[in-house]
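Peer 1: The structure file query.csv (CSV, C-alpha atoms) is provided below.
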```csv
chain,number,residue,atom,x,y,z
A,1,MET,CA,111.1,342.4,87.9
A,2,LEU,CA,111.1,338.8,86.7
A,3,VAL,CA,111.0,337.6,90.3
A,4,ILE,CA,107.2,338.0,90.4
A,5,PHE,CA,106.9,334.9,88.3
A,6,SER,CA,108.9,332.9,90.9
A,7,GLN,CA,106.7,334.4,93.6
A,8,PHE,CA,103.6,333.5,91.6
A,9,ALA,CA,104.8,329.9,91.3
A,10,ASP,CA,105.6,329.8,95.1
A,11,TRP,CA,102.1,330.9,95.8
A,12,LEU,CA,100.4,328.5,93.4
A,13,VAL,CA,102.4,325.4,94.0
A,14,TYR,CA,103.5,325.6,97.6
A,15,GLN,CA,100.7,327.5,99.2
A,16,LEU,CA,97.6,326.8,97.1
A,17,LEU,CA,98.4,323.2,96.1
A,18,GLY,CA,100.3,322.5,99.3
A,19,LEU,CA,103.2,320.8,97.7
A,20,SER,CA,106.6,321.0,99.3
A,21,PRO,CA,109.8,322.2,97.5
A,22,GLU,CA,111.5,319.1,98.9
A,23,GLN,CA,109.3,316.8,96.8
A,24,ARG,CA,110.2,316.0,93.3
A,25,LEU,CA,106.7,316.8,92.0
A,26,GLY,CA,106.7,320.1,93.8
A,27,GLU,CA,110.0,321.1,92.4
A,28,ALA,CA,109.1,320.1,88.9
A,29,LEU,CA,105.7,321.8,89.0
A,30,HIS,CA,107.3,325.0,90.4
A,31,PHE,CA,109.8,325.1,87.5
A,32,PHE,CA,106.9,324.5,85.0
A,33,VAL,CA,104.7,327.2,86.4
A,34,GLU,CA,107.4,329.8,86.8
A,35,ASP,CA,108.9,329.3,83.3
A,36,THR,CA,105.6,329.1,81.3
A,37,SER,CA,104.1,332.2,83.0
A,38,LYS,CA,107.4,334.1,82.6
A,39,ILE,CA,108.0,333.0,79.0
A,40,PHE,CA,104.5,333.6,77.8
A,41,ALA,CA,104.4,337.1,79.4
A,42,LEU,CA,107.8,338.0,77.9
A,43,LEU,CA,106.8,336.6,74.5
A,44,VAL,CA,103.7,338.7,74.1
A,45,VAL,CA,105.5,341.9,75.1
A,46,MET,CA,108.7,341.3,73.1
A,47,ILE,CA,107.1,340.1,69.9
A,48,TYR,CA,104.9,343.1,69.8
A,49,VAL,CA,107.6,345.7,70.5
A,50,LEU,CA,110.1,344.1,68.1
A,51,ALA,CA,107.5,343.7,65.4
A,52,LEU,CA,106.7,347.4,65.7
A,53,LEU,CA,110.4,348.3,65.1
A,54,ARG,CA,111.1,346.0,62.3
A,55,ALA,CA,107.8,346.1,60.4
A,56,SER,CA,109.4,347.4,57.2
A,57,LEU,CA,112.1,344.7,57.1
A,58,ASN,CA,111.1,341.7,55.0
A,59,VAL,CA,112.7,339.1,52.7
A,60,GLU,CA,112.2,341.2,49.6
A,61,ARG,CA,114.3,344.1,51.1
A,62,VAL,CA,116.9,341.7,52.3
A,63,ARG,CA,117.2,340.2,48.7
A,64,ASP,CA,117.4,343.7,47.2
A,65,TYR,CA,120.2,344.5,49.7
A,66,LEU,CA,122.1,341.2,49.3
A,67,ALA,CA,122.0,341.1,45.5
A,68,GLY,CA,125.3,342.0,44.0
A,69,LYS,CA,127.1,342.0,47.4
A,70,HIS,CA,130.7,340.6,47.4
A,71,ARG,CA,130.9,337.1,48.7
A,72,THR,CA,133.1,337.7,51.7
A,73,THR,CA,130.7,340.2,53.2
A,74,GLY,CA,127.8,338.3,51.7
A,75,TYR,CA,128.0,335.3,54.0
A,76,LEU,CA,128.2,337.5,57.1
A,77,LEU,CA,125.3,339.7,56.0
A,78,GLY,CA,123.2,336.7,54.9
A,79,SER,CA,123.6,335.2,58.3
A,80,ALA,CA,123.0,338.4,60.1
A,81,PHE,CA,119.8,339.1,58.1
A,82,GLY,CA,118.7,335.5,58.7
A,83,ALA,CA,118.9,336.2,62.4
A,84,VAL,CA,116.9,339.4,62.4
A,85,THR,CA,114.4,339.1,59.5
A,86,PRO,CA,111.0,337.8,60.5
A,87,PHE,CA,110.5,334.7,58.5
A,88,CYS,CA,108.2,331.7,58.6
A,89,SER,CA,109.7,328.4,57.6
A,90,CYS,CA,106.6,327.9,55.4
A,91,SER,CA,108.0,330.6,53.1
A,92,SER,CA,111.5,329.1,52.9
A,93,ILE,CA,111.0,327.7,49.4
A,94,PRO,CA,109.7,330.9,47.8
A,95,ALA,CA,112.3,332.9,49.7
A,96,PHE,CA,115.0,330.5,48.5
A,97,LEU,CA,113.9,330.9,44.9
A,98,GLY,CA,113.6,334.7,45.2
A,99,PHE,CA,117.2,334.9,46.4
A,100,THR,CA,118.4,332.5,43.8
A,101,SER,CA,116.6,334.1,40.8
A,102,ALA,CA,118.2,337.4,41.9
A,103,GLY,CA,121.6,335.8,41.3
A,104,ILE,CA,122.6,335.6,44.9
A,105,PRO,CA,125.1,332.7,45.3
A,106,LEU,CA,123.7,329.5,46.9
A,107,GLY,CA,126.1,329.8,49.9
A,108,ILE,CA,124.8,333.3,50.9
A,109,THR,CA,121.2,332.1,50.5
A,110,MET,CA,122.0,329.1,52.7
A,111,ALA,CA,123.7,331.3,55.3
A,112,PHE,CA,120.4,333.2,55.6
A,113,LEU,CA,118.2,330.1,55.7
A,114,LEU,CA,120.4,328.1,58.2
A,115,THR,CA,120.8,331.0,60.6
A,116,SER,CA,117.1,331.9,60.5
A,117,PRO,CA,115.8,329.0,62.7
A,118,LEU,CA,118.7,329.2,65.1
A,119,ILE,CA,118.6,332.8,66.0
A,120,ASN,CA,115.7,335.2,66.2
A,121,GLU,CA,115.2,338.3,68.3
A,122,VAL,CA,112.6,336.7,70.6
A,123,ALA,CA,114.9,333.8,71.4
A,124,VAL,CA,117.8,336.2,72.1
A,125,LEU,CA,115.7,338.2,74.6
A,126,LEU,CA,114.5,335.0,76.3
A,127,LEU,CA,118.1,333.8,76.5
A,128,LEU,CA,119.2,337.1,78.0
A,129,SER,CA,116.5,337.1,80.6
A,130,ILE,CA,116.9,333.4,81.6
A,131,LEU,CA,120.6,332.5,81.0
A,132,GLY,CA,122.4,335.8,81.1
A,133,TRP,CA,124.4,337.9,78.6
A,134,LYS,CA,127.5,335.7,78.4
A,135,PHE,CA,125.7,332.6,77.3
A,136,THR,CA,123.5,334.7,74.9
A,137,LEU,CA,126.6,336.1,73.2
A,138,ILE,CA,128.1,332.7,72.8
A,139,TYR,CA,124.9,331.3,71.4
A,140,ILE,CA,124.6,334.2,68.8
A,141,ALA,CA,128.2,333.9,67.8
A,142,VAL,CA,128.0,330.1,67.4
A,143,GLY,CA,124.7,330.3,65.5
A,144,MET,CA,126.0,332.9,63.0
A,145,LEU,CA,129.3,331.1,62.6
A,146,VAL,CA,127.6,327.8,61.7
A,147,GLY,CA,125.5,329.6,59.1
A,148,ILE,CA,128.5,331.5,57.6
A,149,CYS,CA,130.8,328.5,57.5
A,150,ALA,CA,128.2,326.2,56.0
A,151,GLY,CA,127.4,328.8,53.4
A,152,ALA,CA,131.0,329.4,52.4
A,153,LEU,CA,131.7,325.7,52.4
A,154,LEU,CA,128.8,325.0,50.1
A,155,ASP,CA,130.1,327.6,47.6
A,156,ALA,CA,133.6,326.2,47.9
A,157,ILE,CA,132.5,322.7,46.8
A,158,HIS,CA,130.3,324.3,44.0
A,159,ALA,CA,127.2,322.8,45.6
A,160,GLU,CA,124.9,324.8,43.2
A,161,ARG,CA,125.4,322.0,40.6
A,162,TRP,CA,123.1,319.9,42.8
A,163,LEU,CA,120.2,322.2,42.7
A,164,GLN,CA,117.1,321.0,40.9
A,165,ALA,CA,117.3,321.9,37.2
A,166,PHE,CA,114.8,324.8,37.2
A,167,ALA,CA,116.5,326.4,40.2
A,168,ALA,CA,119.9,326.1,38.7
A,169,LYS,CA,118.7,327.8,35.5
A,170,ALA,CA,117.1,330.6,37.6
A,171,LEU,CA,120.4,331.2,39.4
A,172,GLU,CA,122.3,331.3,36.1
A,173,ARG,CA,119.8,333.8,34.5
A,174,GLY,CA,119.9,335.9,37.7
A,175,GLN,CA,123.7,336.1,37.6
A,176,GLN,CA,123.7,337.3,34.0
A,177,GLN,CA,121.2,340.0,34.5
A,178,ASP,CA,121.5,343.2,36.5
A,179,PHE,CA,119.2,343.0,39.4
A,180,GLN,CA,116.5,345.6,39.6
A,181,ALA,CA,115.6,346.4,43.2
A,182,GLY,CA,112.0,347.1,44.1
A,183,GLU,CA,110.7,350.3,45.8
A,184,ALA,CA,110.8,350.2,49.6
A,185,GLU,CA,107.5,351.1,51.1
A,186,VAL,CA,107.1,353.7,53.9
A,187,LEU,CA,105.0,352.6,56.8
A,188,SER,CA,102.8,354.7,59.1
A,189,TRP,CA,102.6,353.9,62.8
A,190,GLN,CA,99.1,352.7,62.3
A,191,ALA,CA,100.3,350.2,59.7
A,192,ARG,CA,103.2,349.2,62.1
A,193,HIS,CA,100.7,348.6,64.9
A,194,GLN,CA,98.5,346.4,62.6
A,195,PHE,CA,101.6,344.4,61.5
A,196,ALA,CA,102.8,344.0,65.1
A,197,LYS,CA,99.4,342.9,66.3
A,198,GLN,CA,99.1,340.3,63.5
A,199,GLU,CA,102.7,339.2,64.1
A,200,THR,CA,102.2,338.7,67.8
A,201,ARG,CA,99.1,336.6,67.2
A,202,ASP,CA,100.9,334.5,64.4
A,203,ILE,CA,104.1,333.9,66.3
A,204,PHE,CA,102.4,333.1,69.6
A,205,ALA,CA,100.0,330.7,67.8
A,206,ARG,CA,103.1,329.0,66.3
A,207,VAL,CA,105.3,328.8,69.4
A,208,TRP,CA,103.1,328.3,72.4
A,209,LYS,CA,103.1,324.5,72.2
A,210,TRP,CA,106.9,324.4,71.8
A,211,VAL,CA,107.2,326.4,74.9
A,212,LEU,CA,104.9,324.1,76.8
A,213,ILE,CA,106.8,321.0,75.5
A,214,GLY,CA,110.2,322.6,76.2
A,215,VAL,CA,109.3,323.7,79.7
A,216,GLY,CA,107.6,320.3,80.4
A,217,LEU,CA,110.9,318.6,79.4
A,218,GLY,CA,112.9,321.0,81.5
A,219,ALA,CA,110.6,320.4,84.5
A,220,ALA,CA,110.8,316.6,84.1
A,221,LEU,CA,114.6,316.8,84.0
A,222,HIS,CA,114.5,319.1,87.0
A,223,GLY,CA,112.3,317.0,89.2
A,224,PHE,CA,113.0,313.4,88.1
A,225,VAL,CA,116.6,313.1,87.0
A,226,PRO,CA,118.5,312.6,90.2
A,227,ASP,CA,120.9,315.4,91.1
A,228,GLY,CA,124.4,314.4,90.3
A,229,TRP,CA,123.5,311.8,87.7
A,230,VAL,CA,124.3,314.2,84.8
A,231,VAL,CA,127.5,315.4,86.4
A,232,ALA,CA,128.6,311.9,87.2
A,233,HIS,CA,128.0,310.5,83.7
A,234,LEU,CA,128.3,313.3,81.3
A,235,GLY,CA,129.9,316.1,83.3
A,236,GLN,CA,133.4,315.7,82.0
A,237,GLY,CA,132.3,316.4,78.5
A,238,GLN,CA,133.3,312.9,77.4
A,239,TRP,CA,134.2,313.1,73.7
A,240,TRP,CA,131.5,310.7,72.6
A,241,SER,CA,128.8,312.6,74.3
A,242,VAL,CA,128.9,315.4,71.8
A,243,PRO,CA,128.3,313.5,68.6
A,244,LEU,CA,125.7,311.5,70.5
A,245,ALA,CA,123.9,314.7,71.6
A,246,VAL,CA,123.9,315.9,67.9
A,247,LEU,CA,122.5,312.6,66.6
A,248,LEU,CA,119.8,312.6,69.3
A,249,GLY,CA,118.9,316.2,68.5
A,250,VAL,CA,118.5,315.8,64.7
A,251,PRO,CA,115.3,313.6,64.7
A,252,LEU,CA,113.8,315.7,67.5
A,253,TYR,CA,112.5,319.1,66.4
A,254,SER,CA,111.7,322.1,68.5
A,255,ASN,CA,111.2,325.8,67.8
A,256,VAL,CA,114.1,327.8,69.3
A,257,THR,CA,111.7,329.4,71.8
A,258,GLY,CA,110.9,326.0,73.2
A,259,ILE,CA,114.6,324.9,73.5
A,260,VAL,CA,115.6,327.8,75.9
A,261,PRO,CA,114.0,326.2,79.0
A,262,VAL,CA,115.6,322.8,78.1
A,263,MET,CA,119.0,324.5,77.9
A,264,GLU,CA,118.3,326.2,81.2
A,265,SER,CA,117.6,322.8,82.9
A,266,LEU,CA,120.4,320.9,81.2
A,267,LEU,CA,123.0,323.6,82.2
A,268,GLN,CA,121.7,323.7,85.8
A,269,HIS,CA,122.1,320.0,86.0
A,270,GLY,CA,125.8,320.3,85.1
A,271,LEU,CA,125.8,319.3,81.5
A,272,PRO,CA,128.8,320.9,79.9
A,273,ILE,CA,128.1,324.0,77.8
A,274,GLY,CA,129.4,322.4,74.5
A,275,THR,CA,127.2,319.3,74.8
A,276,THR,CA,124.2,321.4,75.7
A,277,LEU,CA,124.7,323.7,72.7
A,278,ALA,CA,125.3,320.8,70.4
A,279,PHE,CA,122.1,319.0,71.4
A,280,CYS,CA,119.9,322.1,71.4
A,281,MET,CA,121.2,323.6,68.1
A,282,ALA,CA,120.8,320.2,66.3
A,283,THR,CA,117.3,320.1,67.5
A,284,VAL,CA,116.4,323.6,66.3
A,285,ALA,CA,118.3,323.7,63.0
A,286,ALA,CA,117.7,320.4,61.5
A,287,SER,CA,114.1,319.3,61.0
A,288,PHE,CA,112.8,316.6,58.7
A,289,PRO,CA,109.7,318.6,57.5
A,290,GLU,CA,112.0,321.4,56.5
A,291,PHE,CA,114.3,319.0,54.6
A,292,VAL,CA,111.4,317.4,52.7
A,293,LEU,CA,110.3,321.0,51.6
A,294,LEU,CA,113.9,321.8,50.4
A,295,LYS,CA,113.8,318.6,48.3
A,296,GLN,CA,111.6,320.6,45.9
A,297,VAL,CA,114.6,322.8,45.0
A,298,MET,CA,117.6,320.6,45.8
A,299,GLN,CA,118.8,317.2,44.7
A,300,TRP,CA,119.4,314.5,47.3
A,301,ARG,CA,123.2,315.1,47.1
A,302,LEU,CA,122.8,318.8,48.1
A,303,LEU,CA,120.5,317.9,51.0
A,304,ALA,CA,122.9,315.3,52.2
A,305,ALA,CA,125.8,317.8,52.0
A,306,VAL,CA,123.9,320.4,54.0
A,307,LEU,CA,123.0,317.9,56.7
A,308,LEU,CA,126.5,316.5,56.9
A,309,ILE,CA,128.0,320.0,57.2
A,310,LEU,CA,125.5,320.9,59.9
A,311,LEU,CA,126.2,317.7,61.9
A,312,THR,CA,130.0,318.2,61.6
A,313,ALA,CA,129.7,321.9,62.6
A,314,PHE,CA,127.7,321.2,65.7
A,315,THR,CA,130.0,318.4,66.8
A,316,LEU,CA,133.2,320.5,66.3
A,317,MET,CA,131.5,323.4,68.1
A,318,GLY,CA,130.5,321.2,71.0
A,319,TRP,CA,134.0,319.8,71.4
A,320,LEU,CA,135.4,323.3,71.3
A,321,PHE,CA,133.1,324.7,74.0
A,322,ASN,CA,133.5,321.7,76.3
A,323,LEU,CA,137.3,322.3,76.0
A,324,ILE,CA,137.2,326.1,76.7
A,325,GLY,CA,134.0,326.1,78.7
A,326,PRO,CA,135.7,325.9,82.1
A,327,LEU,CA,137.7,329.1,81.1
A,328,LEU,CA,134.6,331.1,80.3
B,329,MET,CA,85.5,335.9,34.4
B,330,LYS,CA,88.2,336.6,37.0
B,331,GLN,CA,90.9,334.0,37.4
B,332,ILE,CA,92.1,334.0,41.1
B,333,LYS,CA,95.1,332.0,42.1
B,334,VAL,CA,96.3,331.5,45.7
B,335,LEU,CA,100.0,330.8,45.7
B,336,GLY,CA,101.5,328.6,48.5
B,337,SER,CA,102.9,325.2,49.1
B,338,GLY,CA,100.0,323.8,51.1
B,339,CYS,CA,100.6,325.5,54.4
B,340,THR,CA,97.5,325.9,56.6
B,341,LYS,CA,97.3,329.7,56.0
B,342,CYS,CA,97.3,329.1,52.2
B,343,VAL,CA,94.5,326.6,52.4
B,344,LYS,CA,92.5,329.0,54.7
B,345,THR,CA,93.2,331.9,52.3
B,346,ALA,CA,91.7,330.0,49.3
B,347,GLU,CA,88.7,329.0,51.4
B,348,LEU,CA,88.1,332.6,52.5
B,349,ILE,CA,88.3,333.9,49.0
B,350,SER,CA,85.9,331.2,47.7
B,351,GLU,CA,83.5,332.2,50.4
B,352,VAL,CA,83.6,335.9,49.5
B,353,VAL,CA,83.2,335.1,45.8
B,354,ALA,CA,80.1,333.1,46.6
B,355,GLU,CA,78.8,335.8,48.9
B,356,LEU,CA,79.2,338.6,46.4
B,357,GLY,CA,78.1,336.4,43.5
B,358,VAL,CA,81.1,337.4,41.5
B,359,ASP,CA,82.0,335.5,38.3
B,360,ALA,CA,85.4,334.1,39.3
B,361,GLU,CA,87.3,330.9,39.4
B,362,VAL,CA,89.5,330.2,42.5
B,363,SER,CA,92.4,327.8,42.2
B,364,LYS,CA,95.6,327.0,44.2
B,365,GLU,CA,99.1,327.1,42.8
B,366,THR,CA,101.6,325.0,44.7
B,367,SER,CA,104.4,324.6,42.2
B,368,PRO,CA,107.6,326.4,43.4
B,369,GLU,CA,108.6,327.1,39.9
B,370,ALA,CA,105.3,328.8,39.1
B,371,ILE,CA,105.4,330.8,42.4
B,372,MET,CA,108.9,331.9,41.5
B,373,GLY,CA,107.6,333.0,38.1
B,374,TYR,CA,105.3,335.6,39.8
B,375,GLY,CA,108.3,336.9,41.8
B,376,VAL,CA,106.6,336.1,45.1
B,377,MET,CA,108.8,335.4,48.1
B,378,ARG,CA,106.3,335.2,50.9
B,379,THR,CA,103.3,332.9,50.9
B,380,PRO,CA,100.3,332.9,50.9
B,381,ALA,CA,100.0,335.2,48.0
B,382,VAL,CA,97.0,336.1,45.8
B,383,VAL,CA,97.1,336.6,42.0
B,384,ILE,CA,94.1,338.0,40.2
B,385,ASP,CA,94.2,337.8,36.4
B,386,GLU,CA,98.0,337.4,36.5
B,387,HIS,CA,98.6,340.4,38.8
B,388,VAL,CA,100.0,339.8,42.3
B,389,VAL,CA,97.7,341.8,44.6
B,390,HIS,CA,98.9,340.4,47.9
B,391,SER,CA,101.7,338.5,49.5
B,392,GLY,CA,102.9,337.3,52.9
B,393,SER,CA,99.8,336.9,55.0
B,394,MET,CA,96.2,335.8,55.1
B,395,PRO,CA,94.2,338.8,53.6
B,396,GLU,CA,91.4,340.5,55.6
B,397,LYS,CA,87.9,339.9,54.3
B,398,ALA,CA,87.6,343.7,53.5
B,399,GLN,CA,90.7,343.5,51.3
B,400,ILE,CA,89.2,340.6,49.3
B,401,VAL,CA,86.0,342.4,48.8
B,402,GLY,CA,88.0,345.4,47.5
B,403,TRP,CA,89.8,343.3,44.9
B,404,LEU,CA,86.6,341.7,43.6
B,405,SER,CA,84.5,344.9,43.2
```
Please rewrite the model in this file as structure tokens.
Peer 2:
Amino acid sequence: MLVIFSQFADWLVYQLLGLSPEQRLGEALHFFVEDTSKIFALLVVMIYVLALLRASLNVERVRDYLAGKHRTTGYLLGSAFGAVTPFCSCSSIPAFLGFTSAGIPLGITMAFLLTSPLINEVAVLLLLSILGWKFTLIYIAVGMLVGICAGALLDAIHAERWLQAFAAKALERGQQQDFQAGEAEVLSWQARHQFAKQETRDIFARVWKWVLIGVGLGAALHGFVPDGWVVAHLGQGQWWSVPLAVLLGVPLYSNVTGIVPVMESLLQHGLPIGTTLAFCMATVAASFPEFVLLKQVMQWRLLAAVLLILLTAFTLMGWLFNLIGPLL
Amino acid sequence: MKQIKVLGSGCTKCVKTAELISEVVAELGVDAEVSKETSPEAIMGYGVMRTPAVVIDEHVVHSGSMPEKAQIVGWLS
């Protein structure tokens, strides 16, 4: 079914524009046209259908569910909900405080917040349709594991002492009181359709430019980085290439939807799977605007701890997958 | 006089929500004051987890999206 987008690109680039697949420009443009048309079409359909299904899942219900859960299952659940709950990073501060004032431990809240940008259902379906189920499973497992470990580690070092004073007080109050869950609302199909329509418009407006940038980068890599260069210089998964990829990825920021075509292009060029994941996840998970927002509820030490944990986690994960990658 | 507060930490949607409400207030000629609340602590105090949210006379009437114009008219009448 997805082959029509390749045929469309054949027609537009090779026949209408008269470029040749042998030329760099032709190859790059073909990649760009095929991927943008495919991703945009998939996005609209998938966001709508998924929004219809999960219209009644929101951060308030996740909080009600997580409040009072035991820590061991809490990290796993926090991370899993982070992956599936629709969530805009502009709401991360109120959501953080909502969790905190319900007495949910910092580590569980962070497992939710850190997994949220790394995995969402739209990205998962894009990964499935572009890079296949095996890579998708690896990506999901790694994303959740990073969220879970970072959360557990933050609690282990009692990182909550580095919250801003008012947030620390809210956490303490929340842990002393019994949490009262709110009423869950029942939604009609009409309301679900409204929500899904709005959600499709919102998410599309938010991610389309990331898709264009991501596909543009992928296309540039495709057409202009000579075949064999990546394999020759980075193909062995040289140990230094992983921390370098993470450090390069942190100041860059992309939405997870935009990073999928970049991963596609990097992997096709022969960049090892661990280096690719390390670069892309660092790009998606760590963003400076997000950290500046978090400063409102966290002291510098806590922010630094979170960043350090993320960098270490992505580097270790990259080394691991470069090592076992050939076996997969 | 109605006190209307738009809660949100300065995201575009929050700014647009405040503008839209001010417009409707002017259109209907309602006696109301529209202000923005950006402090995370104050937003937490209202128990709001998704912004933009709208508070009228200290009651949260809406949270998580830009309200429709018809909704705003409903709150003001």
Peer 1: Using all atoms listed in the file, find which residues of chain A lie within 9 Å of chain B and jot them down as number ranges by chain.
Peer 2: A: 59-60, 87-88, 90-99, 101, 166-167, 293, 296-297
Peer 1: Could the residues in this selection be saved with C-alpha atoms as a CSV table (one decimal), keeping the file's coordinate frame?
Peer 2:
```
chain,number,residue,atom,x,y,z
A,59,VAL,CA,112.7,339.1,52.7
A,60,GLU,CA,112.2,341.2,49.6
A,87,PHE,CA,110.5,334.7,58.5
A,88,CYS,CA,108.2,331.7,58.6
A,90,CYS,CA,106.6,327.9,55.4
A,91,SER,CA,108.0,330.6,53.1
A,92,SER,CA,111.5,329.1,52.9
A,93,ILE,CA,111.0,327.7,49.4
A,94,PRO,CA,109.7,330.9,47.8
A,95,ALA,CA,112.3,332.9,49.7
A,96,PHE,CA,115.0,330.5,48.5
A,97,LEU,CA,113.9,330.9,44.9
A,98,GLY,CA,113.6,334.7,45.2
A,99,PHE,CA,117.2,334.9,46.4
A,101,SER,CA,116.6,334.1,40.8
A,166,PHE,CA,114.8,324.8,37.2
A,167,ALA,CA,116.5,326.4,40.2
A,293,LEU,CA,110.3,321.0,51.6
A,296,GLN,CA,111.6,320.6,45.9
A,297,VAL,CA,114.6,322.8,45.0
```
Peer 1: So, counting only C-alpha atoms, which residue among B:Ser391, B:Thr345, B:Ser405, B:Gln331 is closest to Glu361 (chain B)?
Peer 2: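 Looking at the shortest contact to Glu361 (chain B), the residue is B:Gln331.
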Peer 1: Quick one: residues within 12 Å of Glu347 (chain B), only C-alpha atoms, excluding same-chain residues fewer than 4 positions away - as a list in words?
Peer 2: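 Surrounding residues, per the criterion: Ile332, Lys333, Val334, Thr340, Lys341, Cys342, Val343, Glu351, Val352, Val353, Ala354, Val362, Ser363, Lys364, Met394, Pro395, Lys397 and Ile400 of chain B.
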Peer 1: Produce a file of the selected residues containing C-alpha atoms, as a PDB file, in the coordinates of the input.
Peer 2:
```
ATOM      1  CA  ILE B 332      92.100 334.000  41.100  1.00  0.00           C
ATOM      2  CA  LYS B 333      95.100 332.000  42.100  1.00  0.00           C
ATOM      3  CA  VAL B 334      96.300 331.500  45.700  1.00  0.00           C
ATOM      4  CA  THR B 340      97.500 325.900  56.600  1.00  0.00           C
ATOM      5  CA  LYS B 341      97.300 329.700  56.000  1.00  0.00           C
ATOM      6  CA  CYS B 342      97.300 329.100  52.200  1.00  0.00           C
ATOM      7  CA  VAL B 343      94.500 326.600  52.400  1.00  0.00           C
ATOM      8  CA  GLU B 351      83.500 332.200  50.400  1.00  0.00           C
ATOM      9  CA  VAL B 352      83.600 335.900  49.500  1.00  0.00           C
ATOM     10  CA  VAL B 353      83.200 335.100  45.800  1.00  0.00           C
ATOM     11  CA  ALA B 354      80.100 333.100  46.600  1.00  0.00           C
ATOM     12  CA  VAL B 362      89.500 330.200  42.500  1.00  0.00           C
ATOM     13  CA  SER B 363      92.400 327.800  42.200  1.00  0.00           C
ATOM     14  CA  LYS B 364      95.600 327.000  44.200  1.00  0.00           C
ATOM     15  CA  MET B 394      96.200 335.800  55.100  1.00  0.00           C
ATOM     16  CA  PRO B 395      94.200 338.800  53.600  1.00  0.00           C
ATOM     17  CA  LYS B 397      87.900 339.900  54.300  1.00  0.00           C
ATOM     18  CA  ILE B 400      89.200 340.600  49.300  1.00  0.00           C
TER      19      ILE B 400
END
```
Peer 1: Using only C-alpha atoms, which residues sit within 12 Å of region 11-26 of chain A once same-chain residues fewer than 4 positions away are excluded, as a list of chain:residue names?
Peer 2: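 In the requested format, the answer is A:Ile4, A:Phe5, A:Ser6, A:Gln7, A:His30, A:Phe31, A:Phe32, A:Val33, A:Glu34, A:Ser37, A:Ala219, A:Ala220, A:Leu221, A:His222, A:Gly223, A:Phe224, A:Val225, A:Pro226, A:Asp227.
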Peer 1: When distances are computed from all atoms listed in the file, which of B:Ser350, B:Ala360, B:Ala398, B:Lys344 shows the smallest separation from Lys330 (chain B)?
Peer 2: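 Using all atoms listed in the file, Lys330 (chain B) sits closest to B:Ala360.
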Peer 1: For CA of Thr275 (chain A) and CA of Val242 (chain A), determine how far apart the two atoms are, in Å to one decimal place.
Peer 2: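 CA of Val242 (chain A) lies 5.2 Å from CA of Thr275 (chain A).
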Peer 1: At a cut-off of 12 Å, using only C-alpha atoms, what residues contact Lys69 (chain A)? Leave out same-chain residues fewer than 2 positions from it and give the result as number ranges by chain.
Peer 2: A: 62-67, 71-78, 102-105, 108-109, 175, 179
Peer 1: Under the rule that all atoms listed in the file are counted, which of B:His387, B:Ile349, B:Met329, B:Glu365 is the nearest residue to Gln399 (chain B)?
Peer 2: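 Among the listed residues, B:Ile349 lies closest to Gln399 (chain B).
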